[in-house]
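Trainee: Compact mmCIF, C-alpha atoms, file input19.txt:
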```txt
# COMPACT_ATOMS: atom_id res chain seq x y z
CA MET A 1 22.80 35.88 38.78
CA LEU A 2 23.37 35.24 35.12
CA PHE A 3 22.06 31.69 35.41
CA GLU A 4 18.81 32.79 36.99
CA GLN A 5 18.32 35.48 34.37
CA ALA A 6 18.84 32.92 31.65
CA MET A 7 16.36 30.55 33.33
CA ALA A 8 13.81 33.31 33.57
CA GLN A 9 14.24 34.54 30.02
CA THR A 10 14.71 31.38 28.00
CA ARG A 11 11.86 30.50 25.69
CA MET A 12 12.14 26.92 26.86
CA ALA A 13 9.55 26.23 29.56
CA ILE A 14 11.33 25.01 32.68
CA CYS A 15 10.25 24.02 36.17
CA LEU A 16 11.92 22.52 39.21
CA THR A 17 10.21 20.19 41.65
CA ASP A 18 11.28 19.26 45.17
CA PRO A 19 11.26 15.49 45.74
CA ASN A 20 12.01 16.00 49.44
CA GLN A 21 8.61 17.58 50.07
CA ASP A 22 5.30 15.74 50.27
CA ASP A 23 3.73 15.21 46.84
CA GLN A 24 6.79 16.70 45.15
CA PRO A 25 5.54 20.22 44.45
CA ILE A 26 6.92 22.62 41.86
CA VAL A 27 9.24 25.10 43.56
CA PHE A 28 10.18 27.14 40.52
CA ALA A 29 8.68 27.78 37.08
CA ASN A 30 9.97 30.27 34.52
CA ARG A 31 8.04 32.75 32.39
CA ALA A 32 7.97 30.44 29.39
CA PHE A 33 6.31 27.78 31.57
CA ARG A 34 3.62 30.25 32.64
CA GLU A 35 3.06 31.35 29.05
CA LEU A 36 2.86 27.80 27.76
CA THR A 37 0.43 26.61 30.41
CA GLY A 38 -1.55 29.80 31.04
CA TYR A 39 -1.25 29.55 34.84
CA ALA A 40 -0.06 32.31 37.16
CA ASN A 41 2.98 31.73 39.37
CA ASP A 42 0.95 31.15 42.56
CA GLU A 43 -1.17 28.55 40.75
CA ILE A 44 2.00 26.66 39.82
CA VAL A 45 4.43 26.88 42.70
CA GLY A 46 3.47 24.62 45.59
CA HIS A 47 1.49 22.22 43.39
CA ASN A 48 2.38 18.86 41.90
CA CYS A 49 2.62 19.18 38.14
CA ARG A 50 -0.18 16.70 37.54
CA PHE A 51 -2.49 19.70 37.13
CA LEU A 52 -1.25 19.69 33.51
CA GLN A 53 -2.88 16.32 32.90
CA GLY A 54 -6.42 15.84 31.71
CA PRO A 55 -8.91 13.24 30.56
CA GLU A 56 -7.10 12.49 27.27
CA THR A 57 -3.66 12.22 28.80
CA ASP A 58 -2.36 8.70 28.28
CA PRO A 59 -1.95 7.04 31.73
CA ALA A 60 0.89 4.92 30.31
CA LYS A 61 2.88 8.12 29.65
CA VAL A 62 2.24 9.27 33.22
CA ARG A 63 3.52 5.91 34.47
CA GLU A 64 6.67 6.43 32.38
CA ILE A 65 7.25 9.75 34.12
CA ARG A 66 6.69 8.20 37.54
CA ALA A 67 9.07 5.34 36.77
CA ALA A 68 11.77 7.81 35.68
CA LEU A 69 11.30 9.80 38.90
CA GLU A 70 11.46 6.70 41.07
CA SER A 71 14.65 5.45 39.49
CA GLU A 72 16.17 8.96 39.25
CA ARG A 73 16.63 8.63 35.52
CA VAL A 74 16.70 11.25 32.77
CA ALA A 75 13.77 10.68 30.46
CA VAL A 76 11.91 12.26 27.56
CA VAL A 77 8.19 11.56 27.53
CA GLU A 78 5.76 12.90 24.99
CA LEU A 79 2.29 13.38 26.42
CA LEU A 80 -0.87 15.37 25.96
CA ASN A 81 -1.15 18.23 28.48
CA TYR A 82 -3.83 20.78 29.29
CA ARG A 83 -3.55 24.55 29.65
CA LYS A 84 -5.50 26.51 32.23
CA ASP A 85 -8.17 27.33 29.62
CA GLY A 86 -8.68 23.62 28.91
CA THR A 87 -6.96 23.59 25.50
CA THR A 88 -4.42 20.85 24.91
CA PHE A 89 -0.85 20.70 23.66
CA TRP A 90 1.61 17.91 23.00
CA ASN A 91 4.38 18.20 25.50
CA ALA A 92 7.80 16.69 24.92
CA LEU A 93 8.75 16.61 28.59
CA HIS A 94 12.42 16.27 29.34
CA LEU A 95 13.02 15.49 33.01
CA GLY A 96 15.91 14.50 35.19
CA PRO A 97 17.37 14.64 38.72
CA ILE A 98 19.61 17.40 40.10
CA TYR A 99 22.05 16.42 42.87
CA ASP A 100 24.07 18.54 45.29
CA ARG A 101 27.82 18.24 45.73
CA ASP A 102 27.42 15.33 48.12
CA GLY A 103 25.25 13.39 45.71
CA ARG A 104 21.97 14.06 47.52
CA LEU A 105 18.90 14.43 45.36
CA LEU A 106 17.84 18.09 45.51
CA TYR A 107 15.41 18.73 42.66
CA TYR A 108 13.99 17.39 39.51
CA PHE A 109 14.06 19.65 36.52
CA GLY A 110 11.44 19.45 33.84
CA SER A 111 11.59 21.21 30.49
CA GLN A 112 8.44 21.39 28.45
CA TRP A 113 8.51 21.66 24.69
CA ASP A 114 5.29 22.19 22.80
CA VAL A 115 5.48 19.69 19.93
CA THR A 116 1.85 19.95 18.86
CA ASP A 117 2.90 20.95 15.32
CA VAL A 118 5.22 17.98 14.97
CA HIS A 119 2.52 15.75 16.36
CA THR A 120 -0.14 17.04 14.02
CA ALA A 121 2.12 16.66 11.01
CA ARG A 122 2.98 13.11 12.03
CA ALA A 123 -0.66 12.22 12.60
CA GLU A 124 -1.62 13.72 9.25
CA GLN A 125 1.09 11.78 7.52
CA MET A 126 -0.05 8.54 9.10
CA HIS A 127 -3.62 9.34 8.23
CA ALA A 128 -2.66 10.07 4.62
CA LYS A 129 -0.79 6.78 4.44
CA ALA A 130 -3.73 4.84 5.82
CA MET A 131 -6.04 6.62 3.41
CA SER A 132 -3.90 5.89 0.39
CA ARG A 133 -3.75 2.23 1.35
CA GLU A 134 -7.48 2.13 1.70
CA VAL A 135 -7.96 3.82 -1.67
CA SER A 136 -5.42 1.51 -3.26
CA HIS A 137 -7.22 -1.52 -1.88
CA ARG A 138 -10.57 -0.25 -3.09
CA MET A 139 -9.17 0.55 -6.48
CA LYS A 140 -7.77 -2.95 -6.93
CA ASN A 141 -11.09 -4.35 -5.86
CA MET A 142 -12.82 -2.04 -8.29
CA PHE A 143 -10.62 -3.23 -11.15
CA SER A 144 -11.47 -6.77 -10.13
CA VAL A 145 -15.21 -6.00 -10.14
CA ILE A 146 -14.92 -4.29 -13.54
CA GLY A 147 -13.14 -7.38 -14.82
CA GLY A 148 -16.02 -9.49 -13.49
CA ILE A 149 -18.63 -7.30 -15.16
CA VAL A 150 -16.83 -7.37 -18.50
CA SER A 151 -16.36 -11.11 -18.52
CA VAL A 152 -19.84 -11.97 -17.26
CA THR A 153 -21.42 -9.56 -19.78
CA GLY A 154 -19.23 -10.83 -22.61
CA ARG A 155 -20.22 -14.38 -21.75
CA SER A 156 -23.93 -13.57 -21.77
CA MET A 157 -23.57 -12.00 -25.23
CA GLY A 158 -21.47 -14.80 -26.66
CA ALA A 159 -18.45 -12.52 -26.92
CA GLN A 160 -16.11 -14.16 -24.45
CA SER A 161 -12.96 -13.63 -26.49
CA VAL A 162 -13.70 -9.93 -26.94
CA ALA A 163 -14.37 -9.67 -23.22
CA SER A 164 -11.10 -11.30 -22.33
CA ARG A 165 -9.18 -8.94 -24.64
CA ILE A 166 -10.89 -5.99 -22.99
CA ASN A 167 -10.03 -7.47 -19.62
CA GLU A 168 -6.36 -7.89 -20.45
CA ARG A 169 -6.16 -4.16 -21.16
CA ILE A 170 -8.08 -3.27 -18.03
CA GLN A 171 -5.72 -5.40 -15.96
CA ALA A 172 -2.67 -3.78 -17.58
CA LEU A 173 -4.10 -0.40 -16.70
CA GLY A 174 -4.76 -1.54 -13.14
CA ARG A 175 -1.17 -2.68 -12.75
CA ALA A 176 0.16 0.57 -14.20
CA TYR A 177 -1.75 2.53 -11.59
CA GLU A 178 -0.90 0.19 -8.71
CA HIS A 179 1.98 2.29 -7.43
CA THR A 180 0.67 5.72 -8.25
CA LEU A 181 -1.51 5.97 -5.17
CA ASP A 182 1.22 5.46 -2.63
CA GLU A 183 3.14 8.19 -4.36
CA ALA A 184 0.25 10.51 -5.05
CA ALA A 185 1.45 12.77 -2.25
CA PHE A 186 4.52 13.69 -4.30
CA GLY A 187 2.36 14.82 -7.23
CA THR A 188 4.50 12.73 -9.56
CA ILE A 189 5.14 9.02 -9.92
CA GLU A 190 8.17 6.96 -10.78
CA VAL A 191 7.64 5.80 -14.36
CA GLY A 192 9.79 2.72 -13.86
CA GLN A 193 7.45 1.29 -11.23
CA ALA A 194 4.48 1.55 -13.57
CA ILE A 195 6.49 0.06 -16.45
CA ARG A 196 7.70 -2.88 -14.37
CA ALA A 197 4.22 -3.54 -13.00
CA VAL A 198 2.63 -3.55 -16.45
CA LEU A 199 5.21 -5.91 -17.89
CA ARG A 200 5.47 -8.25 -14.90
CA PRO A 201 3.01 -10.89 -16.18
CA TYR A 202 4.84 -11.19 -19.53
CA ASP A 203 8.04 -12.26 -17.85
CA PRO A 204 7.16 -14.89 -15.26
CA GLU A 205 10.80 -16.11 -15.05
CA ASP A 206 11.97 -12.55 -14.50
CA CYS A 207 14.80 -12.81 -17.01
CA ARG A 208 13.34 -12.01 -20.41
CA ILE A 209 12.66 -8.31 -19.98
CA VAL A 210 15.60 -6.09 -19.08
CA PHE A 211 14.78 -2.73 -17.49
CA LYS A 212 17.31 -0.05 -18.22
CA GLY A 213 15.56 3.14 -17.24
CA ASN A 214 16.34 5.22 -14.20
CA GLY A 215 14.15 6.66 -11.46
CA VAL A 216 12.69 9.44 -13.59
CA ARG A 217 9.41 10.79 -12.23
CA THR A 218 6.50 12.07 -14.19
CA ASP A 219 2.90 13.21 -14.16
CA PRO A 220 0.49 10.41 -13.15
CA ASN A 221 -1.82 11.33 -16.04
CA ILE A 222 0.31 9.64 -18.65
CA VAL A 223 0.22 6.31 -16.85
CA SER A 224 -2.74 4.99 -18.83
CA VAL A 225 -1.06 5.72 -22.17
CA VAL A 226 2.21 4.17 -21.02
CA GLY A 227 0.38 1.16 -19.57
CA LEU A 228 -1.71 0.37 -22.63
CA THR A 229 1.12 0.97 -25.12
CA LEU A 230 3.47 -1.38 -23.29
CA HIS A 231 0.70 -3.93 -22.90
CA GLU A 232 0.24 -4.05 -26.69
CA LEU A 233 3.98 -4.24 -27.36
CA ALA A 234 4.33 -7.06 -24.83
CA THR A 235 1.28 -8.96 -26.12
CA ASN A 236 2.69 -8.71 -29.63
CA ALA A 237 6.14 -9.82 -28.51
CA THR A 238 4.55 -12.82 -26.77
CA LYS A 239 2.64 -13.78 -29.92
CA TYR A 240 5.16 -13.02 -32.67
CA GLY A 241 8.29 -11.42 -31.29
CA ALA A 242 11.16 -11.96 -28.87
CA LEU A 243 8.96 -13.35 -26.09
CA SER A 244 7.35 -16.00 -28.32
CA GLY A 245 10.36 -18.32 -28.34
CA ASP A 246 12.48 -19.65 -25.52
CA CYS A 247 15.44 -17.31 -25.55
CA GLY A 248 14.53 -13.88 -26.88
CA GLN A 249 14.84 -10.77 -24.75
CA VAL A 250 13.33 -7.34 -24.61
CA SER A 251 15.14 -4.34 -23.24
CA VAL A 252 13.10 -1.37 -22.08
CA ASP A 253 14.66 2.01 -21.50
CA TRP A 254 12.99 5.23 -20.42
CA ARG A 255 14.06 8.81 -19.77
CA HIS A 256 13.09 12.43 -20.13
CA GLU A 257 14.26 14.11 -23.30
CA GLY A 258 13.87 17.62 -24.63
CA ASP A 259 12.95 18.03 -28.30
CA ARG A 260 13.84 20.79 -30.73
CA HIS A 261 10.67 22.68 -29.85
CA GLY A 262 11.92 22.93 -26.29
CA ARG A 263 9.30 20.52 -24.97
CA GLN A 264 9.99 17.75 -22.50
CA ASN A 265 9.00 14.24 -23.47
CA LEU A 266 8.97 10.89 -21.81
CA VAL A 267 10.77 8.56 -24.21
CA ILE A 268 10.44 4.79 -23.91
CA GLU A 269 12.61 2.58 -26.07
CA TRP A 270 11.59 -1.01 -26.63
CA CYS A 271 14.12 -3.29 -28.24
CA GLU A 272 13.53 -6.98 -29.01
CA ARG A 273 16.40 -9.38 -29.67
CA GLY A 274 16.78 -13.09 -30.16
CA GLY A 275 13.24 -13.77 -31.37
CA PRO A 276 12.14 -15.40 -34.62
CA PRO A 277 13.02 -13.64 -37.91
CA VAL A 278 11.18 -10.37 -38.15
CA GLU A 279 8.80 -9.35 -40.89
CA ALA A 280 6.75 -6.20 -40.95
CA PRO A 281 3.08 -7.01 -40.67
CA GLY A 282 1.27 -6.61 -43.99
CA GLY A 283 -1.80 -4.49 -44.55
CA GLY A 284 -1.10 -0.88 -43.74
CA ALA A 285 0.80 0.73 -40.96
CA GLY A 286 -1.34 -0.82 -38.24
CA GLY A 287 -0.72 -4.27 -36.87
CA GLY A 288 -3.89 -5.35 -35.18
CA THR A 289 -6.66 -3.54 -33.36
CA GLY A 290 -4.48 -3.29 -30.26
CA PHE A 291 -2.18 -0.82 -31.97
CA ASP A 292 -5.10 1.06 -33.50
CA ILE A 293 -6.21 1.86 -29.98
CA VAL A 294 -2.70 2.74 -28.87
CA GLU A 295 -2.18 5.03 -31.82
CA THR A 296 -5.47 6.78 -31.16
CA LEU A 297 -4.53 7.23 -27.52
CA LEU A 298 -1.10 8.53 -28.41
CA ARG A 299 -2.59 10.96 -30.92
CA VAL A 300 -4.77 12.40 -28.18
CA ALA A 301 -1.74 12.68 -25.90
CA LYS A 302 0.21 14.27 -28.82
CA GLY A 303 2.70 11.46 -28.61
CA THR A 304 4.12 9.09 -31.18
CA LEU A 305 4.92 5.42 -31.58
CA ASP A 306 7.55 4.46 -34.15
CA ARG A 307 8.10 0.82 -34.86
CA ASN A 308 11.02 -0.46 -36.91
CA TRP A 309 11.05 -4.06 -37.96
CA ASP A 310 14.78 -4.39 -37.71
CA PRO A 311 15.89 -7.86 -38.88
CA GLY A 312 17.25 -8.60 -35.39
CA GLY A 313 13.99 -7.72 -33.69
CA LEU A 314 11.36 -5.04 -33.38
CA VAL A 315 12.61 -1.68 -32.15
CA ALA A 316 9.92 0.69 -30.96
CA ARG A 317 10.16 4.22 -29.67
CA VAL A 318 7.33 5.80 -27.74
CA VAL A 319 7.40 9.56 -27.19
CA ILE A 320 4.87 11.17 -24.85
CA PRO A 321 4.96 14.91 -24.11
CA ILE A 322 5.00 15.85 -20.46
CA GLY A 323 4.08 19.48 -20.19
CA SER A 324 4.66 20.31 -16.59
CA LYS A 325 8.31 19.43 -16.12
CA ASP A 326 10.01 22.58 -17.36
CA GLN A 327 7.24 25.09 -17.03
CA MET B 1 -17.87 -51.16 -4.25
CA THR B 2 -16.53 -50.82 -7.78
CA GLN B 3 -19.59 -48.88 -8.72
CA LEU B 4 -19.08 -46.46 -5.86
CA ALA B 5 -15.47 -45.90 -6.88
CA ILE B 6 -16.54 -45.13 -10.42
CA GLN B 7 -19.19 -42.78 -9.20
CA CYS B 8 -16.62 -40.89 -7.12
CA ALA B 9 -14.25 -40.62 -10.04
CA ASP B 10 -17.03 -39.22 -12.21
CA GLN B 11 -18.09 -36.69 -9.69
CA PRO B 12 -17.08 -33.15 -10.70
CA LEU B 13 -14.72 -31.27 -8.45
CA LEU B 14 -16.38 -29.04 -5.88
CA ILE B 15 -14.78 -25.68 -5.05
CA LEU B 16 -15.73 -23.26 -2.30
CA VAL B 17 -15.58 -19.61 -3.35
CA VAL B 18 -15.58 -17.16 -0.41
CA GLU B 19 -16.09 -13.67 -1.85
CA ASP B 20 -18.31 -10.83 -0.66
CA GLU B 21 -18.32 -9.02 -4.00
CA PRO B 22 -21.03 -10.72 -6.11
CA MET B 23 -19.57 -9.75 -9.48
CA ILE B 24 -16.20 -11.29 -8.68
CA ALA B 25 -17.88 -14.36 -7.17
CA LEU B 26 -20.00 -14.86 -10.27
CA ASP B 27 -17.01 -14.42 -12.57
CA LEU B 28 -15.06 -17.08 -10.64
CA GLN B 29 -18.06 -19.39 -10.54
CA LEU B 30 -18.60 -19.18 -14.32
CA ALA B 31 -14.90 -19.68 -14.99
CA LEU B 32 -14.97 -22.78 -12.77
CA GLU B 33 -18.02 -24.11 -14.56
CA ASP B 34 -16.18 -23.67 -17.87
CA GLU B 35 -13.71 -26.20 -16.52
CA GLY B 36 -16.46 -28.57 -15.48
CA VAL B 37 -16.01 -27.71 -11.83
CA THR B 38 -18.93 -27.04 -9.48
CA ALA B 39 -18.71 -23.97 -7.27
CA GLN B 40 -20.47 -22.99 -4.07
CA VAL B 41 -20.28 -19.33 -3.13
CA ALA B 42 -20.24 -17.90 0.40
CA ALA B 43 -20.10 -14.18 1.18
CA SER B 44 -18.95 -14.55 4.79
CA CYS B 45 -17.11 -16.87 7.16
CA ASP B 46 -20.40 -18.05 8.67
CA GLU B 47 -21.84 -18.90 5.29
CA ALA B 48 -18.64 -20.67 4.37
CA HIS B 49 -18.71 -22.74 7.55
CA ALA B 50 -22.33 -23.68 6.92
CA LEU B 51 -21.34 -24.93 3.45
CA LEU B 52 -18.34 -26.77 4.88
CA GLU B 53 -20.74 -28.65 7.18
CA ARG B 54 -22.78 -29.91 4.24
CA HIS B 55 -20.27 -30.51 1.46
CA ALA B 56 -16.93 -32.19 0.95
CA PHE B 57 -14.94 -29.55 -0.95
CA ASP B 58 -11.88 -30.32 -3.05
CA GLY B 59 -10.45 -26.81 -2.75
CA ALA B 60 -11.26 -23.18 -2.07
CA ILE B 61 -10.65 -19.62 -3.30
CA LEU B 62 -10.75 -17.13 -0.43
CA ASP B 63 -11.14 -13.38 -0.62
CA VAL B 64 -9.18 -12.01 2.32
CA ASN B 65 -11.31 -9.00 3.29
CA LEU B 66 -14.93 -9.85 3.88
CA GLY B 67 -16.43 -6.52 4.83
CA PRO B 68 -15.43 -4.14 7.61
CA GLY B 69 -13.06 -5.86 10.02
CA ALA B 70 -13.88 -9.35 8.76
CA THR B 71 -11.35 -11.65 7.12
CA CYS B 72 -11.34 -15.21 5.84
CA ARG B 73 -8.99 -16.32 8.59
CA LYS B 74 -11.33 -18.70 10.35
CA VAL B 75 -12.31 -20.44 7.14
CA ALA B 76 -8.64 -20.74 6.21
CA GLY B 77 -8.01 -22.40 9.58
CA THR B 78 -10.82 -24.88 9.05
CA LEU B 79 -9.62 -25.71 5.54
CA ARG B 80 -6.08 -26.17 6.77
CA SER B 81 -7.17 -28.51 9.54
CA ARG B 82 -9.13 -30.60 7.05
CA GLY B 83 -6.29 -30.67 4.54
CA ILE B 84 -8.31 -28.90 1.84
CA PRO B 85 -6.09 -26.80 -0.47
CA PHE B 86 -6.91 -23.11 -0.91
CA VAL B 87 -5.60 -19.92 -2.48
CA LEU B 88 -6.00 -16.35 -1.21
CA HIS B 89 -7.40 -13.81 -3.64
CA THR B 90 -6.86 -10.27 -2.37
CA GLY B 91 -6.43 -6.66 -3.39
CA ASP B 92 -4.91 -5.77 -0.07
CA LEU B 93 -1.47 -7.26 0.22
CA ASP B 94 -0.11 -4.44 2.38
CA ARG B 95 -2.44 -4.45 5.32
CA GLN B 96 -3.32 -8.11 5.50
CA GLY B 97 0.04 -9.27 4.25
CA GLU B 98 1.58 -10.25 7.55
CA ALA B 99 -1.44 -12.10 8.89
CA MET B 100 -1.95 -13.84 5.59
CA ARG B 101 1.64 -14.93 5.19
CA GLU B 102 1.18 -16.93 8.37
CA LEU B 103 -1.44 -18.97 6.56
CA ASN B 104 1.28 -20.02 4.17
CA ALA B 105 -1.04 -20.19 1.17
CA MET B 106 -0.58 -18.92 -2.37
CA ILE B 107 -1.62 -15.28 -2.64
CA ILE B 108 -3.17 -14.15 -5.92
CA PRO B 109 -3.32 -10.36 -6.17
CA LYS B 110 -6.49 -8.69 -7.39
CA PRO B 111 -7.11 -7.94 -10.15
CA THR B 112 -6.19 -11.23 -11.84
CA PRO B 113 -8.40 -12.67 -14.60
CA ALA B 114 -10.72 -15.40 -13.28
CA PRO B 115 -9.34 -18.17 -15.53
CA GLN B 116 -5.88 -17.58 -14.05
CA VAL B 117 -7.19 -17.57 -10.49
CA ILE B 118 -8.94 -20.89 -10.91
CA ARG B 119 -5.97 -22.42 -12.72
CA HIS B 120 -3.92 -21.91 -9.56
CA ILE B 121 -6.35 -23.74 -7.32
CA LEU B 122 -6.96 -26.54 -9.85
CA GLU B 123 -3.19 -27.08 -10.11
CA GLN B 124 -2.98 -27.44 -6.34
CA ILE B 125 -5.76 -30.00 -6.31
CA ASP B 126 -4.04 -31.96 -9.10
CA ALA B 127 -0.73 -31.97 -7.30
```
Will you turn the file into structure tokens for me?

Mentor:
Amino acid sequence: MLFEQAMAQTRMAICLTDPNQDDQPIVFANRAFRELTGYANDEIVGHNCRFLQGPETDPAKVREIRAALESERVAVVELLNYRKDGTTFWNALHLGPIYDRDGRLLYYFGSQWDVTDVHTARAEQMHAKAMSREVSHRMKNMFSVIGGIVSVTGRSMGAQSVASRINERIQALGRAYEHTLDEAAFGTIEVGQAIRAVLRPYDPEDCRIVFKGNGVRTDPNIVSVVGLTLHELATNATKYGALSGDCGQVSVDWRHEGDRHGRQNLVIEWCERGGPPVEAPGGGAGGGTGFDIVETLLRVAKGTLDRNWDPGGLVARVVIPIGSKDQ
Amino acid sequence: MTQLAIQCADQPLLILVVEDEPMIALDLQLALEDEGVTAQVAASCDEAHALLERHAFDGAILDVNLGPGATCRKVAGTLRSRGIPFVLHTGDLDRQGEAMRELNAMIIPKPTPAPQVIRHILEQIDA
């Protein structure tokens, strides 16, 4: 019969059990079942299928199977099974009752699907998630400890204000990296998350800084440059610029942009409005040690920072090359 | 009687710092001392409870994770039952988040500079 041929040849492991016999033995198993489990036909037929269970099989899953059998329900149960050679596989067992024309229970069918791969992938994913949380927690703690060391050392050397400036930068860096770990698996991070995290403390009311950028992703390596640059811009805005008064605003935009040399850059535009009247700081192109550091960092990253003291507010443009994107 | 009242008013605030990382504990302690506040540091729940037996604290800063599997939960419970204000200082909002939200206390994420951390608890004591 066509049906029997199909049953025998399908790659889906199938067996039938007889609930009208004592201990509900298997009365039929196809080739795929024998191949999956490693048992010969005479070791299968006539036996209850519990021979597939072993020490690591979850008893709760076995109870689920029993409950489905008792209530004549169709069920899918995922459980750890054992082959004849003692190796294990994850079995997505699909089982259900088969009735005759008069509604009498004749058999139960069981189809076994080896989902070990799916299971392993899922377990690895969960493990990776747990690991990244652990690392993220440790990293935050580490930043906290570093902050402690800097401030305690600064105090002992009478350099508390220097220590607290160092600490502000360390904290900004810590915030910039906060989200990178969860996303490390992707190999890239969403720039916007880092930007928002860095700037969060400068906008406690959550209305002074407007974020315009999109979900552009980039290499995690540039996070420290982005973090420290924005920290300096925000510190400056808090002291002298749009965030120093009661009503000024800063808009921050970011995107990827190609330049005329065919390179991809991350471009961040910082635009202050509504602050006190703007004057360019005297004394060279700098503007405080904070920007000296930023400019040095940007030079190393082959990026640039242009600041225009527009009468309406400072407009700054940060350009950081990101090599990998188009290569 | 009057004298006692004056003495109480003059007494510096006493804060319990529960933190198993010595560097962070020291940083908080020094920041508190800058504000004229006395700090007692405990590295575990047991140590914290021993201190709570001996001193009348005005407030507390609690690190949430205190070594493998240990949290500040019990201390938080004791503080709550005695009406002593506290803040939670943690680097692990994800995992402990749910349990800690039940405590209904202010959560200060690590890393936050020590002066900011202590400002939060001092504000709560003032209120």

Trainee: Between atom CA of B:Val41 and atom CA of B:Pro22, measure the distance and give it in Å to one decimal.

Mentor: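 Taking atom CA of B:Val41 as the start and atom CA of B:Pro22 as the end point, the length is 9.1 Å.
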
Trainee: Name all residues at most 8 Å from B:Leu13 (count only C-alpha atoms; drop same-chain ones fewer than 6 positions away) and give them as JSON, numbers by chain.

Mentor: {"B": [36, 37, 38, 57, 58]}

Trainee: Write the residues of the selection above to a file with C-alpha atoms, as a PDB file, in the coordinates of the input.

Mentor:
```
ATOM      1  CA  GLY B  36     -16.460 -28.570 -15.480  1.00  0.00           C
ATOM      2  CA  VAL B  37     -16.010 -27.710 -11.830  1.00  0.00           C
ATOM      3  CA  THR B  38     -18.930 -27.040  -9.480  1.00  0.00           C
ATOM      4  CA  PHE B  57     -14.940 -29.550  -0.950  1.00  0.00           C
ATOM      5  CA  ASP B  58     -11.880 -30.320  -3.050  1.00  0.00           C
TER       6      ASP B  58
END
```

Trainee: Can you write out as CSV which residues of chain B fall within 12 Å of chain A, alongside each residue's closest atom pair and its distance in Å to one decimal, counting all atoms listed in the file and ordering rows by chain and ascending residue number?

Mentor:
```
residue,atom,partner,partner_atom,distance
B:Glu19,CA,A:Asn141,CA,11.3
B:Asp20,CA,A:Asn141,CA,11.0
B:Glu21,CA,A:Val145,CA,7.5
B:Pro22,CA,A:Val145,CA,8.5
B:Met23,CA,A:Gly148,CA,5.4
B:Ile24,CA,A:Gly148,CA,5.1
B:Ala25,CA,A:Gly148,CA,8.2
B:Leu26,CA,A:Gly148,CA,7.4
B:Asp27,CA,A:Gly148,CA,5.1
B:Leu28,CA,A:Gly148,CA,8.2
B:Gln29,CA,A:Val152,CA,10.2
B:Leu30,CA,A:Val152,CA,7.9
B:Ala31,CA,A:Ser151,CA,9.4
B:Asp34,CA,A:Arg155,CA,10.8
B:Asp63,CA,A:Asn141,CA,10.4
B:Val64,CA,A:Asn141,CA,11.4
B:Asn65,CA,A:His137,CA,10.0
B:Leu66,CA,A:Asn141,CA,11.8
B:Gly67,CA,A:Arg138,CA,11.7
B:Pro68,CA,A:Glu134,CA,11.7
B:His89,CA,A:Asn141,CA,10.4
B:Thr90,CA,A:Asn141,CA,8.1
B:Gly91,CA,A:Lys140,CA,5.3
B:Asp92,CA,A:His137,CA,5.2
B:Leu93,CA,A:His137,CA,8.4
B:Asp94,CA,A:Arg133,CA,7.7
B:Arg95,CA,A:Arg133,CA,7.9
B:Gln96,CA,A:His137,CA,10.6
B:Ile108,CA,A:Ser144,CA,11.9
B:Pro109,CA,A:Lys140,CA,8.7
B:Lys110,CA,A:Lys140,CA,5.9
B:Pro111,CA,A:Ser144,CA,4.5
B:Thr112,CA,A:Ser144,CA,7.1
B:Pro113,CA,A:Gly147,CA,7.1
B:Ala114,CA,A:Gly148,CA,7.9
B:Pro115,CA,A:Ser164,CA,9.8
B:Gln116,CA,A:Pro201,CA,11.3
B:Val117,CA,A:Ser144,CA,11.6
```

Trainee: Would you list the contacts of A:Val115 as JSON, numbers by chain, taking every protein, DNA or RNA residue within 8 Å and counting all atoms listed in the file, but skipping same-chain residues closer than 6 positions in sequence?

Mentor: {"A": [89, 90, 91, 92]}

Trainee: Between atom CA of A:Gly187 and atom CA of A:Pro220, what is the distance, to one decimal in Å?

Mentor: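 According to the coordinates, atom CA of A:Gly187 and atom CA of A:Pro220 are separated by 7.6 Å.
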
Trainee: Could you please determine the separation between atom CA of B:Pro85 and atom CA of B:Gly59 in Å, to one decimal place?

Mentor: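 Result for atom CA of B:Pro85 versus atom CA of B:Gly59: 4.9 Å, one decimal.
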
Trainee: Using all atoms listed in the file, which protein or nucleic acid residues come within 10 Å of A:Glu64? Drop anything in the same chain fewer than 3 positions from it, and give the result as a list in words.

Mentor: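 These residues fall inside the cut-off: Pro59, Ala60, Lys61, Ala67, Ala68, Leu69, Glu70, Ala75, Val76, Val77 and Glu78 of chain A.
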
Trainee: Pick from B:Ala56, B:Leu51, B:Leu103, B:Ala43: nearest to B:Ala76, with only C-alpha atoms counted?

Mentor: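 So, comparing all the options, the nearest one is B:Leu103.
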
Trainee: Put the listed atoms of stretch 33-52 of chain B in a box along x, y and z with 8 Å added on every side and give me the centre and edge lengths in Å to one decimal, as lines of an AutoDock Vina configuration file.

Mentor:
```
center_x = -18.0
center_y = -21.4
center_z = -4.6
size_x = 24.6
size_y = 30.4
size_z = 42.5
```

Trainee: Could you check the closest approach to A:Glu43 for each of A:Pro204, A:Gly245, A:Pro25, A:Gly86 and tell me which residue wins, using all atoms listed in the file?

Mentor: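 Closest candidate: A:Pro25.
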
Trainee: May I ask which of the residues B:Ala42, B:Ala105, B:Ile125, B:Ala48 is the closest one to B:Arg80, counting all atoms listed in the file?

Mentor: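 Of B:Ala42, B:Ala105, B:Ile125, B:Ala48, the one nearest B:Arg80 is B:Ala105, counting all atoms listed in the file.
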
Trainee: May I have the protein, DNA and RNA residues with an atom at most 10 Å from (-10.3, -24.1, 7.4), counting only C-alpha atoms in the file's coordinates, returned as a ChimeraX atom specification?

Mentor: /B:45,48-49,52,60,72-86
